[in-house]
$ cat target-v8.csv   # CSV, C-alpha atoms
chain,number,residue,atom,x,y,z
A,1,MET,CA,56.6,95.6,26.5
A,2,SER,CA,55.3,95.6,30.1
A,3,THR,CA,58.5,96.4,32.1
A,4,SER,CA,60.6,99.5,31.9
A,5,THR,CA,63.8,97.7,33.1
A,6,MET,CA,64.3,95.6,29.9
A,7,SER,CA,67.9,95.7,28.7
A,8,SER,CA,67.2,94.7,25.1
A,9,ALA,CA,64.5,93.7,22.6
A,10,PRO,CA,62.6,90.5,23.3
A,11,LYS,CA,64.1,87.3,22.0
A,12,THR,CA,61.7,85.1,20.1
A,13,VAL,CA,62.0,81.3,20.3
A,14,ASN,CA,59.8,78.4,19.1
A,15,ILE,CA,58.2,76.0,21.6
A,16,TYR,CA,60.7,73.2,20.9
A,17,GLU,CA,63.6,75.5,21.6
A,18,ALA,CA,61.9,76.8,24.7
A,19,LYS,CA,61.4,73.3,26.0
A,20,THR,CA,65.0,72.3,25.4
A,21,GLN,CA,66.6,75.6,26.6
A,22,LEU,CA,64.2,76.6,29.4
A,23,SER,CA,66.9,77.0,32.0
A,24,LYS,CA,69.0,79.3,29.8
A,25,LEU,CA,65.9,81.3,28.8
A,26,VAL,CA,64.9,81.8,32.4
A,27,ASP,CA,68.4,83.1,33.1
A,28,LEU,CA,68.1,85.4,30.1
A,29,ALA,CA,64.7,86.6,31.4
A,30,SER,CA,66.1,87.2,34.8
A,31,THR,CA,68.6,89.7,33.4
A,32,GLY,CA,65.7,91.8,32.0
A,33,THR,CA,65.4,90.5,28.4
A,34,ASP,CA,61.9,89.3,27.6
A,35,VAL,CA,61.6,85.9,25.8
A,36,VAL,CA,58.6,85.5,23.5
A,37,ILE,CA,57.6,81.9,22.8
A,38,ALA,CA,56.0,81.3,19.5
A,39,ARG,CA,54.0,78.4,17.9
A,40,ALA,CA,54.2,78.2,14.2
A,41,GLY,CA,55.7,81.7,14.1
A,42,LYS,CA,52.9,83.3,16.1
A,43,PRO,CA,53.7,84.6,19.6
A,44,VAL,CA,51.7,82.7,22.3
A,45,ALA,CA,53.6,83.4,25.6
A,46,ARG,CA,56.1,85.7,27.2
A,47,LEU,CA,58.8,84.8,29.7
A,48,THR,CA,59.7,87.9,31.7
A,49,THR,CA,61.4,89.1,34.9
A,50,LEU,CA,59.1,89.2,37.9
A,51,GLU,CA,59.3,92.5,39.9
A,52,GLU,CA,59.3,92.2,43.6
A,53,GLU,CA,56.0,93.2,45.1
A,54,LYS,CA,56.5,96.1,47.5
A,55,ARG,CA,53.9,96.2,50.2
A,56,PRO,CA,53.6,99.5,52.1
A,57,LEU,CA,54.6,99.5,55.8
A,58,VAL,CA,51.8,99.9,58.2
A,59,TYR,CA,52.9,101.1,61.6
A,60,GLY,CA,50.8,100.2,64.6
A,61,LEU,CA,49.0,97.4,62.8
A,62,LEU,CA,49.2,95.1,65.9
A,63,GLU,CA,48.8,97.9,68.5
A,64,GLY,CA,47.0,96.5,71.5
A,65,GLU,CA,47.4,92.9,70.4
A,66,GLY,CA,50.1,91.9,72.8
A,67,TRP,CA,51.5,92.7,76.2
A,68,ILE,CA,54.7,92.4,78.2
A,69,ALA,CA,54.4,91.2,81.8
A,70,ASP,CA,55.3,93.7,84.5
A,71,ASP,CA,58.0,91.3,85.8
A,72,PHE,CA,59.6,90.8,82.4
A,73,ASN,CA,63.0,92.2,83.5
A,74,ASP,CA,63.0,90.7,86.9
A,75,PRO,CA,65.6,88.0,87.7
A,76,LEU,CA,64.5,84.4,86.9
A,77,PRO,CA,63.7,82.1,89.8
A,78,GLU,CA,66.8,80.1,90.9
A,79,GLU,CA,65.2,76.8,89.8
A,80,ILE,CA,65.0,78.1,86.2
A,81,GLN,CA,68.2,80.2,86.2
A,82,LYS,CA,70.4,77.2,87.0
A,83,TYR,CA,69.5,75.7,83.6
A,84,PHE,CA,70.7,78.8,81.7
A,85,GLU,CA,74.0,78.7,83.6
A,86,GLY,CA,74.5,74.9,83.0
A,87,ARG,CA,74.0,74.0,86.6
A,88,GLU,CA,71.8,71.1,87.7
$ encode --input "target-v8.csv" --output "structure tokens"
Amino acid sequence: MSTSTMSSAPKTVNIYEAKTQLSKLVDLASTGTDVVIARAGKPVARLTTLEEEKRPLVYGLLEGEGWIADDFNDPLPEEIQKYFEGRE
């Protein structure tokens, strides 16, 4: 089995059952139980839980790519400020 978080042995179903019970089988797989789909008794596919891909954090990746204007914290001009205050 490919995942170490499985809660039980895989359940094997035939293709017809997989087609008619897909939603239930997906729910089962999401709990950690693999579902093996077989054709004529031979396993051909596995439905399993996807593990979230964890990407490493890279600090400073965008360093130097942006800037903040020197007047960023200065009061807004009156002609713009009035719209934030609901005046016209």
$ closest_residue --input "target-v8.csv" --among "A:Leu61, A:Ile15, A:Ala69, A:Ala9" --to "Thr48 of chain A" --atoms "only C-alpha atoms"
A:Ala9
$ closest_residue --input "target-v8.csv" --among "A:Arg55, A:Arg87, A:Lys24, A:Lys19" --to "Ala38 of chain A" --atoms "all atoms listed in the file"
A:Lys19
$ residues_near_point --input "target-v8.csv" --point "(59.6, 82.1, 25.7)" --cutoff "6 Å" --atoms "all atoms listed in the file" --output "ChimeraX atom specification"
/A:13,18,35-37,46-47
$ build_atoms --input "target-v8.csv" --residues "segment 54-85 of chain A" --atoms "N, CA and C atoms" --output "PDB file, keeping the file's coordinate frame"
ATOM      1  N   LYS A  54      56.141  95.239  46.320  1.00  0.00           N
ATOM      2  CA  LYS A  54      56.500  96.100  47.500  1.00  0.00           C
ATOM      3  C   LYS A  54      55.196  96.435  48.196  1.00  0.00           C
ATOM      4  N   ARG A  55      55.091  95.918  49.412  1.00  0.00           N
ATOM      5  CA  ARG A  55      53.900  96.200  50.200  1.00  0.00           C
ATOM      6  C   ARG A  55      54.235  97.417  51.120  1.00  0.00           C
ATOM      7  N   PRO A  56      53.314  98.305  51.277  1.00  0.00           N
ATOM      8  CA  PRO A  56      53.600  99.500  52.100  1.00  0.00           C
ATOM      9  C   PRO A  56      53.675  99.043  53.601  1.00  0.00           C
ATOM     10  N   LEU A  57      54.539  99.724  54.333  1.00  0.00           N
ATOM     11  CA  LEU A  57      54.600  99.500  55.800  1.00  0.00           C
ATOM     12  C   LEU A  57      53.462 100.125  56.462  1.00  0.00           C
ATOM     13  N   VAL A  58      52.874  99.390  57.381  1.00  0.00           N
ATOM     14  CA  VAL A  58      51.800  99.900  58.200  1.00  0.00           C
ATOM     15  C   VAL A  58      52.154  99.866  59.621  1.00  0.00           C
ATOM     16  N   TYR A  59      52.495 101.024  60.162  1.00  0.00           N
ATOM     17  CA  TYR A  59      52.900 101.100  61.600  1.00  0.00           C
ATOM     18  C   TYR A  59      51.705 100.994  62.475  1.00  0.00           C
ATOM     19  N   GLY A  60      51.891 100.291  63.584  1.00  0.00           N
ATOM     20  CA  GLY A  60      50.800 100.200  64.600  1.00  0.00           C
ATOM     21  C   GLY A  60      49.773  99.167  64.235  1.00  0.00           C
ATOM     22  N   LEU A  61      50.029  98.329  63.247  1.00  0.00           N
ATOM     23  CA  LEU A  61      49.000  97.400  62.800  1.00  0.00           C
ATOM     24  C   LEU A  61      48.590  96.421  63.929  1.00  0.00           C
ATOM     25  N   LEU A  62      49.530  96.049  64.796  1.00  0.00           N
ATOM     26  CA  LEU A  62      49.200  95.100  65.900  1.00  0.00           C
ATOM     27  C   LEU A  62      49.093  95.820  67.242  1.00  0.00           C
ATOM     28  N   GLU A  63      48.923  97.111  67.206  1.00  0.00           N
ATOM     29  CA  GLU A  63      48.800  97.900  68.500  1.00  0.00           C
ATOM     30  C   GLU A  63      47.695  97.306  69.319  1.00  0.00           C
ATOM     31  N   GLY A  64      48.033  97.041  70.580  1.00  0.00           N
ATOM     32  CA  GLY A  64      47.000  96.500  71.500  1.00  0.00           C
ATOM     33  C   GLY A  64      46.837  95.028  71.438  1.00  0.00           C
ATOM     34  N   GLU A  65      47.554  94.330  70.553  1.00  0.00           N
ATOM     35  CA  GLU A  65      47.400  92.900  70.400  1.00  0.00           C
ATOM     36  C   GLU A  65      48.274  92.045  71.256  1.00  0.00           C
ATOM     37  N   GLY A  66      49.223  92.644  71.921  1.00  0.00           N
ATOM     38  CA  GLY A  66      50.100  91.900  72.800  1.00  0.00           C
ATOM     39  C   GLY A  66      50.424  92.665  74.039  1.00  0.00           C
ATOM     40  N   TRP A  67      51.146  92.021  74.960  1.00  0.00           N
ATOM     41  CA  TRP A  67      51.500  92.700  76.200  1.00  0.00           C
ATOM     42  C   TRP A  67      52.792  92.113  76.715  1.00  0.00           C
ATOM     43  N   ILE A  68      53.454  92.853  77.573  1.00  0.00           N
ATOM     44  CA  ILE A  68      54.700  92.400  78.200  1.00  0.00           C
ATOM     45  C   ILE A  68      54.380  92.423  79.737  1.00  0.00           C
ATOM     46  N   ALA A  69      54.671  91.307  80.393  1.00  0.00           N
ATOM     47  CA  ALA A  69      54.400  91.200  81.800  1.00  0.00           C
ATOM     48  C   ALA A  69      55.177  92.234  82.609  1.00  0.00           C
ATOM     49  N   ASP A  70      54.610  92.681  83.700  1.00  0.00           N
ATOM     50  CA  ASP A  70      55.300  93.700  84.500  1.00  0.00           C
ATOM     51  C   ASP A  70      56.592  93.200  85.091  1.00  0.00           C
ATOM     52  N   ASP A  71      56.725  91.886  85.282  1.00  0.00           N
ATOM     53  CA  ASP A  71      58.000  91.300  85.800  1.00  0.00           C
ATOM     54  C   ASP A  71      58.916  90.810  84.756  1.00  0.00           C
ATOM     55  N   PHE A  72      58.763  91.271  83.538  1.00  0.00           N
ATOM     56  CA  PHE A  72      59.600  90.800  82.400  1.00  0.00           C
ATOM     57  C   PHE A  72      61.065  90.871  82.667  1.00  0.00           C
ATOM     58  N   ASN A  73      61.538  91.968  83.226  1.00  0.00           N
ATOM     59  CA  ASN A  73      63.000  92.200  83.500  1.00  0.00           C
ATOM     60  C   ASN A  73      63.441  91.705  84.827  1.00  0.00           C
ATOM     61  N   ASP A  74      62.568  91.160  85.619  1.00  0.00           N
ATOM     62  CA  ASP A  74      63.000  90.700  86.900  1.00  0.00           C
ATOM     63  C   ASP A  74      63.852  89.427  86.773  1.00  0.00           C
ATOM     64  N   PRO A  75      64.743  89.179  87.745  1.00  0.00           N
ATOM     65  CA  PRO A  75      65.600  88.000  87.700  1.00  0.00           C
ATOM     66  C   PRO A  75      64.706  86.720  87.663  1.00  0.00           C
ATOM     67  N   LEU A  76      65.214  85.684  86.997  1.00  0.00           N
ATOM     68  CA  LEU A  76      64.500  84.400  86.900  1.00  0.00           C
ATOM     69  C   LEU A  76      64.572  83.715  88.302  1.00  0.00           C
ATOM     70  N   PRO A  77      63.594  82.889  88.613  1.00  0.00           N
ATOM     71  CA  PRO A  77      63.700  82.100  89.800  1.00  0.00           C
ATOM     72  C   PRO A  77      64.922  81.168  89.740  1.00  0.00           C
ATOM     73  N   GLU A  78      65.533  80.902  90.885  1.00  0.00           N
ATOM     74  CA  GLU A  78      66.800  80.100  90.900  1.00  0.00           C
ATOM     75  C   GLU A  78      66.575  78.732  90.267  1.00  0.00           C
ATOM     76  N   GLU A  79      65.410  78.101  90.416  1.00  0.00           N
ATOM     77  CA  GLU A  79      65.200  76.800  89.800  1.00  0.00           C
ATOM     78  C   GLU A  79      65.192  76.787  88.301  1.00  0.00           C
ATOM     79  N   ILE A  80      64.970  77.930  87.683  1.00  0.00           N
ATOM     80  CA  ILE A  80      65.000  78.100  86.200  1.00  0.00           C
ATOM     81  C   ILE A  80      66.388  78.622  85.800  1.00  0.00           C
ATOM     82  N   GLN A  81      66.919  79.610  86.526  1.00  0.00           N
ATOM     83  CA  GLN A  81      68.200  80.200  86.200  1.00  0.00           C
ATOM     84  C   GLN A  81      69.333  79.231  86.107  1.00  0.00           C
ATOM     85  N   LYS A  82      69.330  78.219  86.950  1.00  0.00           N
ATOM     86  CA  LYS A  82      70.400  77.200  87.000  1.00  0.00           C
ATOM     87  C   LYS A  82      70.561  76.523  85.625  1.00  0.00           C
ATOM     88  N   TYR A  83      69.470  76.323  84.887  1.00  0.00           N
ATOM     89  CA  TYR A  83      69.500  75.700  83.600  1.00  0.00           C
ATOM     90  C   TYR A  83      70.194  76.559  82.528  1.00  0.00           C
ATOM     91  N   PHE A  84      70.006  77.861  82.640  1.00  0.00           N
ATOM     92  CA  PHE A  84      70.700  78.800  81.700  1.00  0.00           C
ATOM     93  C   PHE A  84      72.161  78.862  81.964  1.00  0.00           C
ATOM     94  N   GLU A  85      72.561  78.594  83.182  1.00  0.00           N
ATOM     95  CA  GLU A  85      74.000  78.700  83.600  1.00  0.00           C
ATOM     96  C   GLU A  85      74.656  77.298  83.495  1.00  0.00           C
TER      97      GLU A  85
END
